[in-house]
Protein chains: 2
Amino acid sequence: MRPLPEPATEQLSLASVLYALGDPVRLELVSRVVASPGMICSDADLDVPKSTLTNHWRILREAGVVRMAVDGRCRRIWLRADELSTQFPGLLDVVLRLGENESTPTAVH
Amino acid sequence: MRPLPEPATEQLSLASVLYALGDPVRLELVSRVVASPGMICSDADLDVPKSTLTNHWRILREAGVVRMAVDGRCRRIWLRADELSTQFPGLLDVVLRLGENESTPTAVH
DNA sequence: GATGATTGTTCGAAAGTCCCGAACGATCGA
DNA sequence: TCGATCGTTCGGGACTTTCGAACAATCATC
């Protein structure tokens, strides 16, 4: 499973991580990958065009929020939980906890 | 001191707040307004053009992060700390704590 | 009041970013 | 080999960001 490029732990910037999380679709994607570690992109199952989804995953990956690896046709995705809590202790926990309360307007099916 | 328009507490969205905080300049502005409640815009003293600064303050205000009020020629600014911790308990505390550790590349003087 | 200095907004142009459909490439199963 | 599936790339249109120049509002002083 070839991994896709991602920033090293020390390079993660708070502003980039907050920016990546500052979008309703991406917040929802993060919630789902927390619930389903190793999920594939299309498991997200949101009412968002494919190419837009690719872009959202890329932003999350380049900010260091998620890790992606090629697995056959698919991309498997994990939250970089350990690295994030090393660099930004408490941040993800708070955001995920608060994210649970928010509506998920883009959910579909 | 006429207040400038701002969203009501119940209307604050997590994504908008995170988006507003997801910029190095705005993170720095928030740090400074925490350190100096009631500061005026130009007290920020960053190496950023005036019109750009206006825009950053506007984004913070429209996301509900700060409150602004006209005071003579100036705009006084406060963090909406109580309202933010009502809607998003823990969020600001974490972000501000982490923000302290980050470099402040845009500081000047 | 006039004048000048100070504070911040508005405007417009240039550059950049985001969204999304269409076409494509890679992989898998039959 | 064929068709289906998964995701990327490309290109355009729309939107956003940045920033200088001009402007509006206020204040302090004469």
# chains A, B, ... in the order shown; residues from 1 in each chain; ligands from 1
>>> interface_residues(of="chain D", to="chain A", cutoff="12 Å", atoms="only C-alpha atoms (C1' of nucleotides)", output="VMD selection string")
chain D and resid 4 to 10
>>> write_last_selection(atoms="all heavy atoms", output="compact mmCIF listing (two decimals), in the first residue's frame")
# COMPACT_ATOMS: atom_id res chain seq x y z
P DA D 4 -20.77 -2.20 -17.68
OP1 DA D 4 -22.22 -2.46 -17.55
OP2 DA D 4 -20.28 -1.03 -18.43
O5' DA D 4 -20.15 -2.15 -16.22
C5' DA D 4 -20.11 -3.35 -15.45
C4' DA D 4 -19.41 -3.08 -14.14
O4' DA D 4 -17.97 -3.06 -14.36
C3' DA D 4 -19.77 -1.74 -13.49
O3' DA D 4 -19.94 -1.95 -12.09
C2' DA D 4 -18.58 -0.85 -13.80
C1' DA D 4 -17.43 -1.85 -13.85
N9 DA D 4 -16.33 -1.46 -14.73
C8 DA D 4 -16.43 -1.00 -16.02
N7 DA D 4 -15.27 -0.74 -16.57
C5 DA D 4 -14.35 -1.05 -15.59
C6 DA D 4 -12.95 -1.00 -15.54
N6 DA D 4 -12.20 -0.59 -16.57
N1 DA D 4 -12.34 -1.38 -14.40
C2 DA D 4 -13.10 -1.79 -13.37
N3 DA D 4 -14.42 -1.90 -13.29
C4 DA D 4 -14.99 -1.50 -14.44
P DT D 5 -20.33 -0.73 -11.13
OP1 DT D 5 -21.20 -1.28 -10.09
OP2 DT D 5 -20.72 0.41 -11.98
O5' DT D 5 -18.92 -0.37 -10.45
C5' DT D 5 -18.18 -1.41 -9.82
C4' DT D 5 -16.91 -0.82 -9.24
O4' DT D 5 -15.97 -0.56 -10.30
C3' DT D 5 -17.11 0.51 -8.51
O3' DT D 5 -16.43 0.41 -7.27
C2' DT D 5 -16.47 1.53 -9.43
C1' DT D 5 -15.38 0.70 -10.08
N1 DT D 5 -14.90 1.16 -11.41
C2 DT D 5 -13.56 1.22 -11.63
O2 DT D 5 -12.73 0.90 -10.80
N3 DT D 5 -13.20 1.65 -12.89
C4 DT D 5 -14.05 2.02 -13.92
O4 DT D 5 -13.61 2.40 -15.00
C5 DT D 5 -15.45 1.95 -13.61
C7 DT D 5 -16.46 2.33 -14.65
C6 DT D 5 -15.81 1.52 -12.38
P DC D 6 -16.66 1.50 -6.11
OP1 DC D 6 -16.68 0.76 -4.82
OP2 DC D 6 -17.76 2.40 -6.49
O5' DC D 6 -15.31 2.33 -6.17
C5' DC D 6 -14.07 1.69 -5.89
C4' DC D 6 -12.94 2.65 -6.16
O4' DC D 6 -12.81 2.82 -7.58
C3' DC D 6 -13.17 4.05 -5.58
O3' DC D 6 -12.12 4.34 -4.67
C2' DC D 6 -13.16 4.98 -6.79
C1' DC D 6 -12.45 4.14 -7.86
N1 DC D 6 -12.86 4.44 -9.25
C2 DC D 6 -11.89 4.62 -10.24
O2 DC D 6 -10.70 4.55 -9.92
N3 DC D 6 -12.28 4.87 -11.51
C4 DC D 6 -13.57 4.95 -11.81
N4 DC D 6 -13.90 5.20 -13.08
C5 DC D 6 -14.58 4.75 -10.83
C6 DC D 6 -14.18 4.50 -9.57
P DG D 7 -12.20 5.62 -3.71
OP1 DG D 7 -11.44 5.39 -2.49
OP2 DG D 7 -13.63 6.01 -3.65
O5' DG D 7 -11.42 6.69 -4.59
C5' DG D 7 -10.03 6.48 -4.80
C4' DG D 7 -9.55 7.29 -5.98
O4' DG D 7 -10.40 7.06 -7.11
C3' DG D 7 -9.57 8.81 -5.77
O3' DG D 7 -8.24 9.23 -5.50
C2' DG D 7 -10.12 9.36 -7.09
C1' DG D 7 -10.19 8.13 -7.99
N9 DG D 7 -11.30 8.18 -8.94
C8 DG D 7 -12.64 8.08 -8.69
N7 DG D 7 -13.38 8.16 -9.76
C5 DG D 7 -12.47 8.32 -10.79
C6 DG D 7 -12.66 8.46 -12.18
O6 DG D 7 -13.73 8.47 -12.82
N1 DG D 7 -11.45 8.58 -12.86
C2 DG D 7 -10.21 8.58 -12.26
N2 DG D 7 -9.16 8.72 -13.06
N3 DG D 7 -10.01 8.44 -10.97
C4 DG D 7 -11.17 8.32 -10.29
P DT D 8 -7.85 10.77 -5.45
OP1 DT D 8 -6.68 10.85 -4.58
OP2 DT D 8 -9.06 11.56 -5.17
O5' DT D 8 -7.37 11.11 -6.94
C5' DT D 8 -6.32 10.34 -7.50
C4' DT D 8 -5.96 10.86 -8.88
O4' DT D 8 -7.09 10.68 -9.77
C3' DT D 8 -5.59 12.35 -8.91
O3' DT D 8 -4.39 12.49 -9.64
C2' DT D 8 -6.79 13.00 -9.61
C1' DT D 8 -7.31 11.87 -10.50
N1 DT D 8 -8.77 11.91 -10.76
C2 DT D 8 -9.23 12.02 -12.05
O2 DT D 8 -8.49 12.11 -13.00
N3 DT D 8 -10.60 12.02 -12.18
C4 DT D 8 -11.53 11.92 -11.18
O4 DT D 8 -12.74 11.93 -11.42
C5 DT D 8 -10.99 11.81 -9.85
C7 DT D 8 -11.91 11.69 -8.68
C6 DT D 8 -9.65 11.81 -9.70
P DT D 9 -3.70 13.91 -9.79
OP1 DT D 9 -2.26 13.66 -9.88
OP2 DT D 9 -4.25 14.80 -8.76
O5' DT D 9 -4.19 14.44 -11.22
C5' DT D 9 -4.04 13.59 -12.34
C4' DT D 9 -4.61 14.28 -13.58
O4' DT D 9 -6.07 14.18 -13.59
C3' DT D 9 -4.28 15.77 -13.71
O3' DT D 9 -3.91 16.01 -15.05
C2' DT D 9 -5.59 16.46 -13.34
C1' DT D 9 -6.62 15.45 -13.85
N1 DT D 9 -7.95 15.44 -13.18
C2 DT D 9 -9.09 15.42 -13.96
O2 DT D 9 -9.06 15.43 -15.16
N3 DT D 9 -10.26 15.37 -13.25
C4 DT D 9 -10.42 15.35 -11.88
O4 DT D 9 -11.53 15.32 -11.38
C5 DT D 9 -9.19 15.39 -11.13
C7 DT D 9 -9.26 15.37 -9.63
C6 DT D 9 -8.03 15.42 -11.80
P DC D 10 -3.17 17.36 -15.47
OP1 DC D 10 -2.06 16.97 -16.36
OP2 DC D 10 -2.92 18.17 -14.26
O5' DC D 10 -4.28 18.11 -16.35
C5' DC D 10 -5.02 17.36 -17.31
C4' DC D 10 -6.24 18.15 -17.76
O4' DC D 10 -7.34 17.92 -16.87
C3' DC D 10 -6.02 19.67 -17.80
O3' DC D 10 -6.42 20.16 -19.07
C2' DC D 10 -6.92 20.19 -16.69
C1' DC D 10 -8.01 19.13 -16.62
N1 DC D 10 -8.69 19.01 -15.32
C2 DC D 10 -10.09 18.91 -15.27
O2 DC D 10 -10.73 18.95 -16.32
N3 DC D 10 -10.71 18.78 -14.06
C4 DC D 10 -9.98 18.74 -12.95
N4 DC D 10 -10.62 18.60 -11.79
C5 DC D 10 -8.55 18.82 -12.98
C6 DC D 10 -7.96 18.95 -14.17
>>> interface_residues(of="chain C", to="chain A", cutoff="9 Å", atoms="only C-alpha atoms (C1' of nucleotides)", output="ChimeraX atom specification")
/C:18-21,26-28
>>> closest_atom_pairs(of="chain A", to="chain B", cutoff="12 Å", atoms="only C-alpha atoms", output="tab-separated table")
residue	atom	partner	partner_atom	distance
A:Glu10	CA	B:Glu102	CA	11.7
A:Gln11	CA	B:Glu102	CA	11.4
A:Leu12	CA	B:Glu102	CA	10.6
A:Ser13	CA	B:Glu102	CA	8.1
A:Leu14	CA	B:Gly99	CA	7.3
A:Ala15	CA	B:Gly22	CA	4.4
A:Ser16	CA	B:Gly22	CA	6.1
A:Val17	CA	B:Gly22	CA	7.1
A:Leu18	CA	B:Gly22	CA	4.5
A:Tyr19	CA	B:Gly22	CA	4.0
A:Ala20	CA	B:Gly22	CA	7.7
A:Leu21	CA	B:Leu18	CA	6.4
A:Gly22	CA	B:Tyr19	CA	4.0
A:Asp23	CA	B:Ala15	CA	5.0
A:Pro24	CA	B:Ala15	CA	5.6
A:Val25	CA	B:Ala15	CA	9.1
A:Arg26	CA	B:Ala15	CA	9.0
A:Leu27	CA	B:Ala15	CA	7.4
A:Glu28	CA	B:Ala15	CA	10.1
A:Ala63	CA	B:Gly22	CA	11.0
A:Leu84	CA	B:Leu98	CA	11.8
A:Ser85	CA	B:Leu98	CA	11.1
A:Thr86	CA	B:Leu98	CA	11.3
A:Gln87	CA	B:Leu98	CA	8.7
A:Phe88	CA	B:Leu98	CA	6.4
A:Pro89	CA	B:Leu98	CA	8.0
A:Gly90	CA	B:Val94	CA	6.4
A:Leu91	CA	B:Val94	CA	6.0
A:Leu92	CA	B:Val94	CA	9.6
A:Asp93	CA	B:Leu91	CA	9.6
A:Val94	CA	B:Leu91	CA	6.1
A:Val95	CA	B:Leu91	CA	7.1
A:Leu96	CA	B:Leu91	CA	10.4
A:Arg97	CA	B:Phe88	CA	9.4
A:Leu98	CA	B:Phe88	CA	6.4
A:Gly99	CA	B:Leu14	CA	7.3
A:Glu100	CA	B:Leu14	CA	10.6
A:Asn101	CA	B:Leu14	CA	9.8
A:Glu102	CA	B:Leu14	CA	7.7
A:Ser103	CA	B:Ser13	CA	10.0
A:Thr104	CA	B:Ala15	CA	11.4
>>> residues_around(residues="segment 5-8 of chain B", least_positions_apart="3", cutoff="10 Å", atoms="only C-alpha atoms (C1' of nucleotides)", output="ChimeraX atom specification")
/B:2,11-13,58,60-69,83
>>> select_by_dssp(residues="chain B", states="strand (DSSP E or B)", output="count of residues only")
17
>>> select_by_dssp(residues="chain A", states="helix (DSSP H, G or I)", output="ChimeraX atom specification")
/A:9-11,14-21,24-35,41-44,50-63,81-87,91-101
>>> residues_around(residues="Ala35 of chain B", least_positions_apart="3", cutoff="12 Å", atoms="only C-alpha atoms (C1' of nucleotides)", output="PyMOL selection string")
chain B and resi 28-32+38-39+43-44+77-79+96+100
>>> atom_distance(atom1="atom CA of Pro37 of chain A", atom2="atom CA of Asp82 of chain A")
13.3 Å
